[in-house]
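Q: Sharing a structure here in structure tokens format.
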Amino acid sequence: MNESKLLRKEIEKYLKVPFALAVLLLIMNGVVYCIDVTSGVLVSAFIALYLGAAAYLYFKQRPNIMSDLMAFGFAHSSVQSALIKELAIPYTLVDRHGRILWSNKSFYETVKSDKQHMRKHIQNIFTDITLELLEMEPEDDNRRIVHIYQAERNYQVEIRKVDVRSLVSTEMTEEADDDDVLFAIYLYDETDLITALEEKEKIKLVVGQIYIDNYEEAMDSTEEVRKSLLVALIDRKITKYMQSADAIIKKLEKDKYIFVCQQQHLDRLQEGKFSLLDEVRSINIGNETPVTLSIAVGINPEQDDYTTAYEYSHMAMDLALGRGGDQAVIKKGDKIIYYGGKTQSAEKGTRVKARVKAHALKEMLVTKNRVIIMGHKKPDIDCLGAALGIYRLATLMDKKAHIVINEVTSSIRPVMNNFVGSSVYPEDIFFNSEQALEAVDPNTVVIVVDVNRPSYTECEELLAHTKNIVVIDHHRQTGEVIEHATLSYIEPFASSSCEMVAEILQYSMDKPKLRPVEADAMYAGILVDTDNFLTKTGVRTFEAASFLRKSGADMIRVRKAFRSDMDSYKQLSAGVANAEIYLDNFAISEVPTKGVDSPTVLAAKVANDLLDVDGVRASFVLSDIDGVIYISARSIDDVNVQVIMEQFGGGGHGTVAGAQLTEVTIAEAKQMIKDVLLRMREDGEF
């Protein structure tokens, strides 16, 4: 109903009030007549005059009163209309089709147009205001707020759903084409606010740390008279680099620094991909070992809490060192960014850390009754060999031990056959996930070998059923880690998990006793992960192999156990023959999965063989298993395939890495690898 009609009815209601009061006067007049007739006549005369005056006002003056009140109402409406037109906030009305019906002056000025030249559809002016935004959901409560960027300005757009019948203007109602709703759109310019927030974010302080990874090794490889010069050059490089970022830097120890800088300067360091890593590595004054750094930065994006930022920098440093050093890691809340990591991890000559970890593991096992050992999904021989080494340590300490294996692949079947059904070993030496979950209790320690990512373990649920967790692995760490591990021993420079377990055994027992089949399994693990001692092989690798040889490992037995049958060898040869050379240096191939017992093992063998081709710096071999694309990546030395695989959510070592892709085909996965290789070469990372 029109507001003017409502107003007219209300006015008429008030004008009829005198006639209603006349009824009361007539009743009073009747009472007066009962008391005194003369007085009643007098009152009747006055009532007649009153009714005459009321009738005159109602019938004669009513049109004038109505006109005056309506004029006032229209005048008031005009004032409101003028105020809306001059409102500083841009405001417009559109119909349900996005057609502009009316806009105020500020809106025309914002879009730099006038009423005559205004385009009719709102999306022609603001491309981000679509018809979908006008379709309100019940939970929106007829109001929606979005943020858009238009003509180098940021706007907060508030859209309100309006019932067209509530509008007074009949002209607008007609222009709405009989639609029952309109949409009021308000534009709030928030460019200055966003600019201010960005400036505030730029000047926020971030906390960082710098560690010299191999200080002792670098000093030992330098002549005595040059050591002070080497230290001075390192200090100068670090200080000069940080001063270029207006950072405050302080040397805490001989190989540790802490710095504070504004986030805007950190962005500049990121653009340069922390060139300090290359600058320090290039220092050569006769030192045989290049100096490498680990840089860690912590940022708390939610608030200016520098204590949390400092803690984040510690976490980032743990990641950088756990990944082998020679890289920068930025932890910004839950987001982790990596830079560098191009060089291979240098083997540590000292075994102090191995001895400390071995003693800590032994002390933990003393207090527990049961040990459950778990590796990664689709375990390889390095995983199984390391698990058997820990199994032997637990049994020597009179602990009940089990190894979790859900699937026996061809890569471990030759070794598994020596244990399953053997009279020497108990029937429950191997558990599946269900059996492990039933057996675990508060007095159980879970030892994870050859993997440090919970999602890759044989039974991730097992980690949530105990607080006693030990991690022993040689793969570089990623952002996904096993949380709350009581003991973590991760050494990226180690050739294999079997090498690490061999050292643990030597430090845990005075005279560790391995059975020959266990020594064979561990020796095979080292053999496979080093590609017959060709990659990631150091002094400690051969020392571990020597220990296993003394423990009864037989190289002939191992070689016979892991020979391929003719069909597998043909499939391997086909994988090599089908390889495509990309960018002159990268081999990309795929292996069949149909009729192949362990396609991932076959892919790894093909990847290793492709490295024997002259000019191939890295190889990538793919296999499709139940819709999941597995990538085996290998390199000689100068290409870090671990960094490449991390871009696909995988990881590993600098020369041995892998990843898993879902919801893609083999062809799409190959193209993804090519795109990454091309981008990295264009960025100068090769």
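Ligands are numbered from 1 in the order shown, residues from 1 within each chain, and chains are lettered A, B, ... in the order they appear in the structure tokens.
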Mind checking which residues fall within 10 Å of Leu93 (chain A), counting only C-alpha atoms, ignoring those fewer than 6 positions away in the same chain, and posting them as a list in words?
A: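 Returned residues: Arg99, Ile100, Leu101, Trp102, Ser103, Asn104, Ile122, Ile159, Arg160, Lys161, Val162, Met172, Leu182, Phe183, Ala184, Ile185 and Tyr186 of chain A.
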Q: Based on the selection just made, write all heavy atoms of those residues as a compact mmCIF listing (two decimals), in the first residue's frame.
A:
# COMPACT_ATOMS: atom_id res chain seq x y z
N ARG A 99 20.50 -4.46 -13.96
CA ARG A 99 20.31 -3.20 -14.69
C ARG A 99 20.22 -2.04 -13.70
O ARG A 99 19.47 -2.08 -12.72
CB ARG A 99 19.04 -3.27 -15.53
CG ARG A 99 18.85 -2.08 -16.47
CD ARG A 99 17.88 -2.44 -17.58
NE ARG A 99 16.62 -2.96 -17.06
CZ ARG A 99 15.55 -2.18 -16.87
NH1 ARG A 99 15.59 -0.90 -17.15
NH2 ARG A 99 14.42 -2.70 -16.41
N ILE A 100 20.99 -1.00 -13.93
CA ILE A 100 21.03 0.16 -13.02
C ILE A 100 19.76 0.98 -13.19
O ILE A 100 19.39 1.37 -14.30
CB ILE A 100 22.27 1.03 -13.29
CG1 ILE A 100 23.55 0.23 -12.99
CG2 ILE A 100 22.22 2.30 -12.46
CD1 ILE A 100 24.82 0.96 -13.34
N LEU A 101 19.09 1.26 -12.05
CA LEU A 101 17.87 2.05 -12.07
C LEU A 101 18.10 3.48 -11.61
O LEU A 101 17.50 4.41 -12.14
CB LEU A 101 16.81 1.39 -11.18
CG LEU A 101 16.47 -0.08 -11.51
CD1 LEU A 101 15.45 -0.60 -10.51
CD2 LEU A 101 15.95 -0.20 -12.93
N TRP A 102 18.95 3.61 -10.61
CA TRP A 102 19.18 4.96 -10.06
C TRP A 102 20.52 4.96 -9.34
O TRP A 102 20.94 3.94 -8.76
CB TRP A 102 18.06 5.31 -9.07
CG TRP A 102 18.21 6.67 -8.44
CD1 TRP A 102 17.76 7.86 -8.94
CD2 TRP A 102 18.85 6.97 -7.20
NE1 TRP A 102 18.08 8.89 -8.09
CE2 TRP A 102 18.76 8.36 -7.00
CE3 TRP A 102 19.50 6.21 -6.24
CZ2 TRP A 102 19.28 9.01 -5.90
CZ3 TRP A 102 20.03 6.84 -5.13
CH2 TRP A 102 19.92 8.22 -4.97
N SER A 103 21.22 6.09 -9.38
CA SER A 103 22.50 6.22 -8.68
C SER A 103 22.62 7.63 -8.12
O SER A 103 22.05 8.59 -8.66
CB SER A 103 23.68 5.95 -9.64
OG SER A 103 23.56 4.68 -10.23
N ASN A 104 23.37 7.78 -7.05
CA ASN A 104 23.57 9.13 -6.50
C ASN A 104 24.79 9.77 -7.16
O ASN A 104 25.52 9.16 -7.95
CB ASN A 104 23.70 9.09 -4.98
CG ASN A 104 24.96 8.39 -4.51
OD1 ASN A 104 25.69 7.81 -5.31
ND2 ASN A 104 25.22 8.45 -3.22
N ILE A 122 25.35 -3.25 -14.27
CA ILE A 122 26.36 -3.00 -13.25
C ILE A 122 27.66 -3.74 -13.55
O ILE A 122 28.75 -3.26 -13.26
CB ILE A 122 25.82 -3.41 -11.85
CG1 ILE A 122 26.80 -3.00 -10.75
CG2 ILE A 122 25.52 -4.90 -11.79
CD1 ILE A 122 26.96 -1.52 -10.59
N ILE A 159 25.96 -5.26 -0.61
CA ILE A 159 24.75 -5.45 -1.42
C ILE A 159 23.60 -5.80 -0.48
O ILE A 159 23.69 -6.75 0.30
CB ILE A 159 24.94 -6.58 -2.45
CG1 ILE A 159 26.18 -6.28 -3.33
CG2 ILE A 159 23.71 -6.74 -3.32
CD1 ILE A 159 26.54 -7.42 -4.26
N ARG A 160 22.52 -5.02 -0.56
CA ARG A 160 21.34 -5.25 0.28
C ARG A 160 20.13 -5.52 -0.60
O ARG A 160 19.89 -4.80 -1.57
CB ARG A 160 21.07 -4.05 1.19
CG ARG A 160 22.06 -3.89 2.32
CD ARG A 160 21.69 -2.71 3.21
NE ARG A 160 22.61 -2.56 4.32
CZ ARG A 160 22.46 -3.14 5.50
NH1 ARG A 160 21.40 -3.92 5.70
NH2 ARG A 160 23.33 -2.96 6.46
N LYS A 161 19.39 -6.53 -0.24
CA LYS A 161 18.15 -6.86 -0.95
C LYS A 161 17.01 -6.01 -0.39
O LYS A 161 16.80 -5.98 0.82
CB LYS A 161 17.85 -8.35 -0.78
CG LYS A 161 16.72 -8.87 -1.64
CD LYS A 161 16.59 -10.38 -1.45
CE LYS A 161 15.50 -10.96 -2.31
NZ LYS A 161 15.37 -12.43 -2.11
N VAL A 162 16.28 -5.31 -1.28
CA VAL A 162 15.24 -4.37 -0.85
C VAL A 162 13.92 -4.74 -1.50
O VAL A 162 13.86 -5.04 -2.71
CB VAL A 162 15.63 -2.91 -1.24
CG1 VAL A 162 14.56 -1.93 -0.76
CG2 VAL A 162 16.99 -2.56 -0.66
N MET A 172 10.20 4.76 -9.77
CA MET A 172 11.13 3.64 -9.68
C MET A 172 10.40 2.32 -9.78
O MET A 172 10.87 1.36 -10.36
CB MET A 172 11.89 3.69 -8.34
CG MET A 172 13.06 4.62 -8.34
SD MET A 172 13.97 4.42 -6.83
CE MET A 172 14.84 5.95 -6.81
N LEU A 182 14.60 -5.17 -5.45
CA LEU A 182 15.71 -4.40 -5.99
C LEU A 182 16.92 -4.67 -5.11
O LEU A 182 16.82 -5.25 -4.03
CB LEU A 182 15.38 -2.91 -6.00
CG LEU A 182 14.22 -2.46 -6.90
CD1 LEU A 182 14.03 -0.95 -6.76
CD2 LEU A 182 14.48 -2.82 -8.35
N PHE A 183 18.08 -4.22 -5.58
CA PHE A 183 19.31 -4.41 -4.81
C PHE A 183 20.02 -3.06 -4.66
O PHE A 183 20.31 -2.39 -5.67
CB PHE A 183 20.24 -5.42 -5.51
CG PHE A 183 19.66 -6.80 -5.57
CD1 PHE A 183 18.91 -7.21 -6.66
CD2 PHE A 183 19.86 -7.68 -4.52
CE1 PHE A 183 18.37 -8.47 -6.72
CE2 PHE A 183 19.31 -8.96 -4.57
CZ PHE A 183 18.56 -9.35 -5.66
N ALA A 184 20.22 -2.68 -3.41
CA ALA A 184 20.96 -1.45 -3.11
C ALA A 184 22.44 -1.81 -2.97
O ALA A 184 22.79 -2.73 -2.22
CB ALA A 184 20.44 -0.82 -1.82
N ILE A 185 23.29 -1.12 -3.69
CA ILE A 185 24.73 -1.41 -3.69
C ILE A 185 25.48 -0.19 -3.18
O ILE A 185 25.35 0.91 -3.73
CB ILE A 185 25.22 -1.79 -5.10
CG1 ILE A 185 24.50 -3.05 -5.59
CG2 ILE A 185 26.73 -2.00 -5.11
CD1 ILE A 185 24.88 -3.47 -7.00
N TYR A 186 26.25 -0.38 -2.10
CA TYR A 186 27.05 0.68 -1.50
C TYR A 186 28.53 0.37 -1.76
O TYR A 186 28.97 -0.78 -1.61
CB TYR A 186 26.83 0.78 0.01
CG TYR A 186 25.39 0.99 0.42
CD1 TYR A 186 24.51 -0.08 0.58
CD2 TYR A 186 24.89 2.28 0.67
CE1 TYR A 186 23.19 0.10 0.95
CE2 TYR A 186 23.57 2.47 1.06
CZ TYR A 186 22.73 1.38 1.19
OH TYR A 186 21.43 1.57 1.59
Q: Residues of region 329-577 of chain A in alpha helix (DSSP H) according to DSSP, as number ranges by chain?
A: A: 352-366, 381-396, 413-416, 433-439, 497-508, 516-529, 539-550, 555-561, 566-577
Q: For each of A:Met242, A:Val481, A:Val17, A:Ala196, take the minimum atom-to-atom distance to Gly322 (chain A), counting only C-alpha atoms, then give the residue where this is smallest.
A: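 Looking only at the distances to Gly322 (chain A), the closest residue turns out to be A:Val481.
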Q: Work out how far apart CA of Tyr569 (chain A) and CA of Val641 (chain A) are and give it in Å to one decimal.
A: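 Between CA of Tyr569 (chain A) and CA of Val641 (chain A) the gap is 25.5 Å.
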Q: Choose the residue, out of A:His147, A:His402, A:Cys261, A:Ala545, that has the smallest atom-to-atom separation from Ser244 (chain A); count only C-alpha atoms.
A: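 Among A:His147, A:His402, A:Cys261, A:Ala545, it is A:Cys261 that comes nearest to Ser244 (chain A).
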Q: Kindly give the distance, in Å, that separates CA of Ala659 (chain A) and CA of Pro454 (chain A), rounded to a single decimal.
A: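 CA of Pro454 (chain A) lies 14.7 Å from CA of Ala659 (chain A).
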Q: For the strand (DSSP E or B) assignment from backbone DSSP, which residues of region 141-325 of chain A qualify? Please present them as number ranges by chain.
A: A: 143-150, 153-163, 181-189, 205-212, 248-253, 256-262, 293-299
Q: Within 12 Å of Ser564 (chain A), counting only C-alpha atoms, which residues qualify if same-chain residues fewer than 5 places away don't, as a list in words?
A: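 Counting only C-alpha atoms, the residues come to Ser410, Ser411, Pro414, Arg559, Tyr569, Lys570, Gln571, Leu572, Ser573, Val596, Asp597, Ser598, Val601, Leu602 and Lys605 of chain A.
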Q: Can you tell me how far CA of Asp531 (chain A) sits from CA of Val446 (chain A), in Å to one decimal?
A: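 Calculated distance between CA of Asp531 (chain A) and CA of Val446 (chain A) is 29.4 Å.
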